[in-house]
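Engineer: Contents of input39.pdb (PDB, C-alpha atoms) are below:
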ATOM      1  CA  MET A  75     -24.573  -7.221 -32.489
ATOM      2  CA  ALA A  76     -25.157  -7.605 -36.210
ATOM      3  CA  PRO A  77     -23.017  -5.508 -38.561
ATOM      4  CA  ALA A  78     -24.763  -2.587 -40.190
ATOM      5  CA  MET A  79     -25.658  -3.320 -43.763
ATOM      6  CA  ASN A  80     -25.213  -0.599 -46.328
ATOM      7  CA  ALA A  81     -28.165  -1.266 -48.559
ATOM      8  CA  GLN A  82     -27.700   0.485 -51.876
ATOM      9  CA  PRO A  83     -30.927   1.633 -53.511
ATOM     10  CA  ASP A  84     -31.607   0.260 -56.975
ATOM     11  CA  VAL A  85     -30.892   3.201 -59.286
ATOM     12  CA  ASN A  86     -33.099   1.604 -61.937
ATOM     13  CA  GLN A  87     -36.189   1.737 -59.754
ATOM     14  CA  PRO A  88     -38.151   4.887 -58.921
ATOM     15  CA  ARG A  89     -38.443   5.997 -55.314
ATOM     16  CA  THR A  90     -42.221   5.852 -55.533
ATOM     17  CA  PRO A  91     -44.061   2.920 -57.053
ATOM     18  CA  ALA A  92     -46.013   3.180 -60.302
ATOM     19  CA  THR A  93     -49.139   2.925 -58.184
ATOM     20  CA  ASP A  94     -48.589   6.488 -56.922
ATOM     21  CA  SER A  95     -48.863   8.899 -59.829
ATOM     22  CA  ARG A  96     -49.706  12.035 -57.856
ATOM     23  CA  ALA A  97     -46.378  13.766 -58.483
ATOM     24  CA  LEU A  98     -46.577  13.015 -62.209
ATOM     25  CA  GLN A  99     -50.192  14.201 -62.376
ATOM     26  CA  ASN A 100     -49.174  17.397 -60.588
ATOM     27  CA  LEU A 101     -46.330  17.942 -63.088
ATOM     28  CA  ILE A 102     -48.686  17.446 -66.047
ATOM     29  CA  LYS A 103     -51.156  19.913 -64.528
ATOM     30  CA  ALA A 104     -48.419  22.498 -63.826
ATOM     31  CA  GLU A 105     -47.054  22.181 -67.376
ATOM     32  CA  LYS A 106     -50.579  22.593 -68.777
ATOM     33  CA  THR A 107     -51.032  25.831 -66.821
ATOM     34  CA  TYR A 108     -47.606  27.034 -67.976
ATOM     35  CA  VAL A 109     -48.386  26.276 -71.638
ATOM     36  CA  GLU A 110     -51.786  27.972 -71.449
ATOM     37  CA  ASN A 111     -50.236  31.067 -69.885
ATOM     38  CA  LEU A 112     -47.363  31.058 -72.366
ATOM     39  CA  PHE A 113     -49.743  30.873 -75.336
ATOM     40  CA  SER A 114     -51.867  33.634 -73.826
ATOM     41  CA  THR A 115     -48.790  35.812 -73.341
ATOM     42  CA  THR A 116     -47.602  35.040 -76.863
ATOM     43  CA  SER A 117     -50.954  36.029 -78.306
ATOM     44  CA  ALA A 118     -50.917  39.296 -76.339
ATOM     45  CA  ALA A 119     -47.342  39.998 -77.464
ATOM     46  CA  MET A 120     -48.291  39.456 -81.118
ATOM     47  CA  SER A 121     -51.218  41.856 -80.718
ATOM     48  CA  ALA A 122     -48.950  44.428 -79.102
ATOM     49  CA  ALA A 123     -46.412  44.103 -81.949
ATOM     50  CA  SER A 124     -49.172  44.607 -84.513
ATOM     51  CA  ALA A 125     -50.506  47.621 -82.613
ATOM     52  CA  LEU A 126     -47.011  49.119 -82.502
ATOM     53  CA  GLN A 127     -46.642  48.593 -86.232
ATOM     54  CA  ALA A 128     -50.046  50.198 -86.917
ATOM     55  CA  TRP A 129     -49.212  53.177 -84.706
ATOM     56  CA  GLY A 130     -45.846  53.646 -86.440
ATOM     57  CA  MET A 131     -47.532  53.763 -89.837
ATOM     58  CA  SER A 132     -49.476  56.843 -88.720
ATOM     59  CA  GLU A 133     -46.308  58.660 -87.630
ATOM     60  CA  THR A 134     -43.369  60.231 -89.448
ATOM     61  CA  PRO A 135     -41.334  58.086 -91.866
ATOM     62  CA  ASP A 136     -38.415  57.701 -89.435
ATOM     63  CA  MET A 137     -40.822  56.624 -86.618
ATOM     64  CA  GLU A 138     -42.513  54.242 -89.026
ATOM     65  CA  GLN A 139     -39.139  52.707 -89.924
ATOM     66  CA  ALA A 140     -38.182  52.304 -86.238
ATOM     67  CA  THR A 141     -41.542  50.849 -85.183
ATOM     68  CA  MET A 142     -41.486  48.435 -88.127
ATOM     69  CA  SER A 143     -38.072  47.135 -87.009
ATOM     70  CA  VAL A 144     -39.064  46.845 -83.362
ATOM     71  CA  SER A 145     -42.380  45.270 -84.320
ATOM     72  CA  LYS A 146     -40.567  42.685 -86.442
ATOM     73  CA  TRP A 147     -38.247  41.780 -83.540
ATOM     74  CA  LEU A 148     -41.196  41.465 -81.178
ATOM     75  CA  GLU A 149     -43.000  39.184 -83.634
ATOM     76  CA  GLU A 150     -39.885  37.012 -83.945
ATOM     77  CA  ALA A 151     -39.604  36.810 -80.151
ATOM     78  CA  SER A 152     -43.301  35.890 -79.911
ATOM     79  CA  SER A 153     -42.846  33.254 -82.578
ATOM     80  CA  ALA A 154     -39.949  31.750 -80.608
ATOM     81  CA  GLN A 155     -42.132  31.779 -77.480
ATOM     82  CA  ARG A 156     -44.894  29.986 -79.389
ATOM     83  CA  THR A 157     -42.379  27.356 -80.546
ATOM     84  CA  HIS A 158     -41.245  26.959 -76.938
ATOM     85  CA  GLY A 159     -44.867  26.520 -75.843
ATOM     86  CA  GLN A 160     -45.405  23.886 -78.528
ATOM     87  CA  ALA A 161     -42.290  22.023 -77.335
ATOM     88  CA  ILE A 162     -43.560  22.026 -73.769
ATOM     89  CA  ASP A 163     -46.991  20.886 -74.933
ATOM     90  CA  GLN A 164     -45.373  17.944 -76.763
ATOM     91  CA  TYR A 165     -43.403  17.163 -73.604
ATOM     92  CA  ARG A 166     -46.661  17.221 -71.622
ATOM     93  CA  GLU A 167     -48.199  14.755 -74.066
ATOM     94  CA  ALA A 168     -45.205  12.449 -73.559
ATOM     95  CA  LEU A 169     -45.739  12.711 -69.798
ATOM     96  CA  LYS A 170     -49.354  11.672 -70.317
ATOM     97  CA  ASP A 171     -48.083   8.551 -72.084
ATOM     98  CA  VAL A 172     -45.945   7.770 -69.035
ATOM     99  CA  LEU A 173     -49.004   8.278 -66.834
ATOM    100  CA  GLU A 174     -51.029   5.872 -69.001
ATOM    101  CA  ARG A 175     -48.290   3.269 -68.638
ATOM    102  CA  GLU A 176     -48.356   3.735 -64.873
ATOM    103  CA  HIS A 177     -52.131   3.205 -64.894
ATOM    104  CA  SER A 178     -51.602   0.052 -66.945
ATOM    105  CA  ILE A 179     -49.149  -1.246 -64.360
ATOM    106  CA  ARG A 180     -51.687  -0.514 -61.628
ATOM    107  CA  GLY A 181     -54.166  -2.717 -63.493
ATOM    108  CA  ILE A 182     -51.613  -5.501 -63.709
ATOM    109  CA  LEU A 183     -50.926  -5.159 -59.970
ATOM    110  CA  ARG A 184     -54.670  -5.463 -59.254
ATOM    111  CA  ASP A 185     -54.819  -8.605 -61.400
ATOM    112  CA  ARG A 186     -51.810  -9.988 -59.542
ATOM    113  CA  GLU A 187     -53.492  -9.428 -56.170
ATOM    114  CA  ILE A 188     -56.640 -11.192 -57.414
ATOM    115  CA  LEU A 189     -54.565 -14.131 -58.624
ATOM    116  CA  ILE A 190     -52.657 -14.346 -55.337
ATOM    117  CA  SER A 191     -55.972 -14.386 -53.467
ATOM    118  CA  ARG A 192     -57.215 -17.140 -55.780
ATOM    119  CA  VAL A 193     -54.113 -19.266 -55.139
ATOM    120  CA  ILE A 194     -54.453 -18.764 -51.375
ATOM    121  CA  LYS A 195     -58.184 -19.525 -51.426
ATOM    122  CA  ASN A 196     -57.701 -22.699 -53.447
ATOM    123  CA  SER A 197     -54.772 -23.751 -51.246
ATOM    124  CA  LYS A 198     -56.925 -23.479 -48.115
ATOM    125  CA  ARG A 199     -59.784 -25.443 -49.610
ATOM    126  CA  LYS A 200     -60.039 -28.951 -48.200
ATOM    127  CA  PRO A 201     -61.268 -31.669 -50.506
ATOM    128  CA  SER A 202     -64.637 -33.180 -49.642
ATOM    129  CA  ARG A 203     -64.951 -36.789 -48.553
ATOM    130  CA  TRP A 204     -66.360 -37.655 -51.983
ATOM    131  CA  GLU A 205     -63.363 -36.036 -53.735
ATOM    132  CA  VAL A 206     -60.961 -37.981 -51.510
ATOM    133  CA  ILE A 207     -62.746 -41.283 -52.122
ATOM    134  CA  ASN A 208     -62.997 -40.823 -55.885
ATOM    135  CA  GLY A 209     -59.531 -39.315 -56.271
ATOM    136  CA  ASP A 210     -61.037 -36.196 -57.822
ATOM    137  CA  ASP A 211     -58.249 -33.620 -57.900
ATOM    138  CA  ASP A 212     -59.961 -30.584 -59.450
ATOM    139  CA  ASN A 213     -58.686 -28.351 -56.682
ATOM    140  CA  GLN A 214     -55.049 -29.114 -57.479
ATOM    141  CA  ALA A 215     -55.745 -28.341 -61.127
ATOM    142  CA  ARG A 216     -57.332 -25.027 -60.118
ATOM    143  CA  ILE A 217     -54.301 -24.198 -57.958
ATOM    144  CA  ALA A 218     -51.897 -25.078 -60.785
ATOM    145  CA  GLU A 219     -53.889 -22.969 -63.266
ATOM    146  CA  ALA A 220     -53.978 -19.981 -60.879
ATOM    147  CA  GLN A 221     -50.224 -20.339 -60.309
ATOM    148  CA  ARG A 222     -49.596 -20.366 -64.078
ATOM    149  CA  GLU A 223     -51.721 -17.247 -64.477
ATOM    150  CA  LEU A 224     -49.929 -15.614 -61.539
ATOM    151  CA  HIS A 225     -46.533 -16.421 -63.046
ATOM    152  CA  ALA A 226     -47.576 -14.973 -66.417
ATOM    153  CA  CYS A 227     -48.938 -11.871 -64.665
ATOM    154  CA  GLU A 228     -45.685 -11.405 -62.739
ATOM    155  CA  GLN A 229     -43.687 -11.744 -65.971
ATOM    156  CA  LEU A 230     -45.891  -9.111 -67.605
ATOM    157  CA  LEU A 231     -45.498  -6.858 -64.566
ATOM    158  CA  ALA A 232     -41.710  -7.183 -64.635
ATOM    159  CA  ASN A 233     -41.596  -6.436 -68.382
ATOM    160  CA  GLU A 234     -43.952  -3.450 -68.147
ATOM    161  CA  SER A 235     -42.065  -2.057 -65.144
ATOM    162  CA  ALA A 236     -38.758  -2.273 -67.017
ATOM    163  CA  LEU A 237     -40.326  -0.634 -70.074
ATOM    164  CA  LEU A 238     -41.755   2.125 -67.891
ATOM    165  CA  VAL A 239     -38.324   2.984 -66.500
ATOM    166  CA  GLY A 240     -36.964   3.164 -70.056
ATOM    167  CA  VAL A 241     -39.869   5.301 -71.267
ATOM    168  CA  LYS A 242     -39.466   7.681 -68.324
ATOM    169  CA  ARG A 243     -35.765   8.125 -69.024
ATOM    170  CA  ARG A 244     -36.258   8.605 -72.763
ATOM    171  CA  THR A 245     -39.144  11.017 -72.226
ATOM    172  CA  PHE A 246     -37.167  13.070 -69.739
ATOM    173  CA  LYS A 247     -34.082  13.178 -71.950
ATOM    174  CA  GLU A 248     -35.975  14.106 -75.119
ATOM    175  CA  ALA A 249     -38.232  16.588 -73.342
ATOM    176  CA  LEU A 250     -35.387  18.316 -71.579
ATOM    177  CA  ALA A 251     -33.451  18.625 -74.842
ATOM    178  CA  MET A 252     -36.522  19.940 -76.660
ATOM    179  CA  ARG A 253     -37.229  22.433 -73.892
ATOM    180  CA  VAL A 254     -33.669  23.737 -73.708
ATOM    181  CA  LEU A 255     -33.333  24.020 -77.491
ATOM    182  CA  SER A 256     -36.576  25.960 -77.744
ATOM    183  CA  LEU A 257     -35.451  28.260 -74.909
ATOM    184  CA  ILE A 258     -32.260  29.103 -76.780
ATOM    185  CA  HIS A 259     -34.324  30.637 -79.581
ATOM    186  CA  ILE A 260     -36.279  32.937 -77.291
TER     187      ILE A 260
END
Represent the supplied structure as structure tokens.

Structural biologist:
Amino acid sequence: MAPAMNAQPDVNQPRTPATDSRALQNLIKAEKTYVENLFSTTSAAMSAASALQAWGMSETPDMEQATMSVSKWLEEASSAQRTHGQAIDQYREALKDVLEREHSIRGILRDREILISRVIKNSKRKPSRWEVINGDDDNQARIAEAQRELHACEQLLANESALLVGVKRRTFKEALAMRVLSLIHI
């Protein structure tokens, strides 16, 4: 009986491949809805603060003073909410950049599959009698060229995948900091 191997997952690789962006797309959509609702709420809160201020101006001087103070606080809170919404919107834009990079990697993966198919197809091709007699070796040249292209594609894929992991980490770190800092001011 073979010993059980404790395979450690690579902490530098995502659990889902870049070819599956559904969770990221769902996050972007959810953040968009949140931002839209937050801006709508902020706009309504600003209107309510202005209405309170206008009402207070038609009342006694002490009521006017109180409503002016409360109105000012409400406007400041609404302004902080707007800033928070802007921070989340910037975060959402950064997520869109990550999504674009994932789409780019998907394109590279498609190219890689095409190149692999080309190498396999050329490897299976048997030279004709004429090619054997004349020593014509075009097929080997085609195989070598496809292998060079495949190698370059795999290098590009490895580089882009590593960059994607870095971009995801940086985006998450910066976005989380921006979000938390803007929440503090609310």

Engineer: Take the point (-53.9, -13.8, -56.1) in the file's coordinates, draw a sphere of radius 12 Å around it, and report as a ChimeraX atom specification every protein, DNA or RNA residue with an atom inside or on it, counting all atoms listed in the file.

Structural biologist: /A:182-197,217,219-225,227-228

Engineer: Neighbours of stretch 243-258 of chain A within 7 Å (only C-alpha atoms; same-chain residues fewer than 6 positions away dropped), as a list in words?

Structural biologist: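 Result of the neighbour search: Thr157, His158, Ala161, Ile162, Tyr165 and Ala168 of chain A.
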
Engineer: Put the listed atoms of stretch 135-148 of chain A in a box along x, y and z with 8 Å added on every side and give me the centre and edge lengths in Å to one decimal, as lines of an AutoDock Vina configuration file.

Structural biologist:
center_x = -40.3
center_y = 49.8
center_z = -86.5
size_x = 20.4
size_y = 32.6
size_z = 26.7

Engineer: Any idea what the distance is between atom CA of A:Thr141 and atom CA of A:Ser117?

Structural biologist: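 That distance, rounded to one decimal, is 18.9 Å.
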
Engineer: Extract, using all atoms listed in the file, all DNA, RNA and protein residues at most 12 Å from A:Ser132, discarding same-chain residues fewer than 6 positions from it, and format them as a ChimeraX atom specification.

Structural biologist: /A:125-126,138-139,141-142

Engineer: For those residues, write C-alpha atoms to a file as a compact mmCIF listing (two decimals), in the coordinates of the input.

Structural biologist:
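Result file result25.txt:
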# COMPACT_ATOMS: atom_id res chain seq x y z
CA ALA A 125 -50.51 47.62 -82.61
CA LEU A 126 -47.01 49.12 -82.50
CA GLU A 138 -42.51 54.24 -89.03
CA GLN A 139 -39.14 52.71 -89.92
CA THR A 141 -41.54 50.85 -85.18
CA MET A 142 -41.49 48.44 -88.13

Engineer: Take the PyMOL selection byres ((chain A and resi 98) around 12), run it mentally on this structure, and tell me the resulting residues as a list in words.

Structural biologist: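 For this structure, the PyMOL selection byres ((chain A and resi 98) around 12) captures Thr90, Pro91, Ala92, Thr93, Asp94, Ser95, Arg96, Ala97, Gln99, Asn100, Leu101, Ile102, Lys103, Ala104, Glu105, Arg166, Ala168, Leu169, Lys170, Asp171, Val172, Leu173, Glu174, Arg175, Glu176, His177 and Lys242 of chain A.
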
Engineer: Under the rule that all atoms listed in the file are counted, which of A:Ile260, A:Asn208, A:Ser145, A:Phe113 is the nearest residue to A:Trp129?

Structural biologist: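 Closest candidate: A:Ser145.
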
Engineer: Which residues would end up in the selection if the PyMOL selection byres ((chain A and resi 152) around 8) were applied here, given that I need the answer as a list of chain:residue names?

Structural biologist: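 So the PyMOL selection byres ((chain A and resi 152) around 8) ends up selecting A:Thr116, A:Ser117, A:Ala119, A:Met120, A:Leu148, A:Glu149, A:Glu150, A:Ala151, A:Ser153, A:Ala154, A:Gln155, A:Arg156.
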
Engineer: Mind dumping the selected residues with C-alpha atoms as an mmCIF file, in the frame of the given file?

Structural biologist:
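The result, stored in out_19.cif:
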data_model
loop_
_atom_site.group_PDB
_atom_site.id
_atom_site.type_symbol
_atom_site.label_atom_id
_atom_site.label_comp_id
_atom_site.auth_asym_id
_atom_site.auth_seq_id
_atom_site.Cartn_x
_atom_site.Cartn_y
_atom_site.Cartn_z
ATOM 1 C CA THR A 116 -47.602 35.040 -76.863
ATOM 2 C CA SER A 117 -50.954 36.029 -78.306
ATOM 3 C CA ALA A 119 -47.342 39.998 -77.464
ATOM 4 C CA MET A 120 -48.291 39.456 -81.118
ATOM 5 C CA LEU A 148 -41.196 41.465 -81.178
ATOM 6 C CA GLU A 149 -43.000 39.184 -83.634
ATOM 7 C CA GLU A 150 -39.885 37.012 -83.945
ATOM 8 C CA ALA A 151 -39.604 36.810 -80.151
ATOM 9 C CA SER A 153 -42.846 33.254 -82.578
ATOM 10 C CA ALA A 154 -39.949 31.750 -80.608
ATOM 11 C CA GLN A 155 -42.132 31.779 -77.480
ATOM 12 C CA ARG A 156 -44.894 29.986 -79.389
#

Engineer: What is the atom CA of A:Val144 to atom CA of A:Gly159 distance in Å?

Structural biologist: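 These atoms are spaced 22.4 Å apart.
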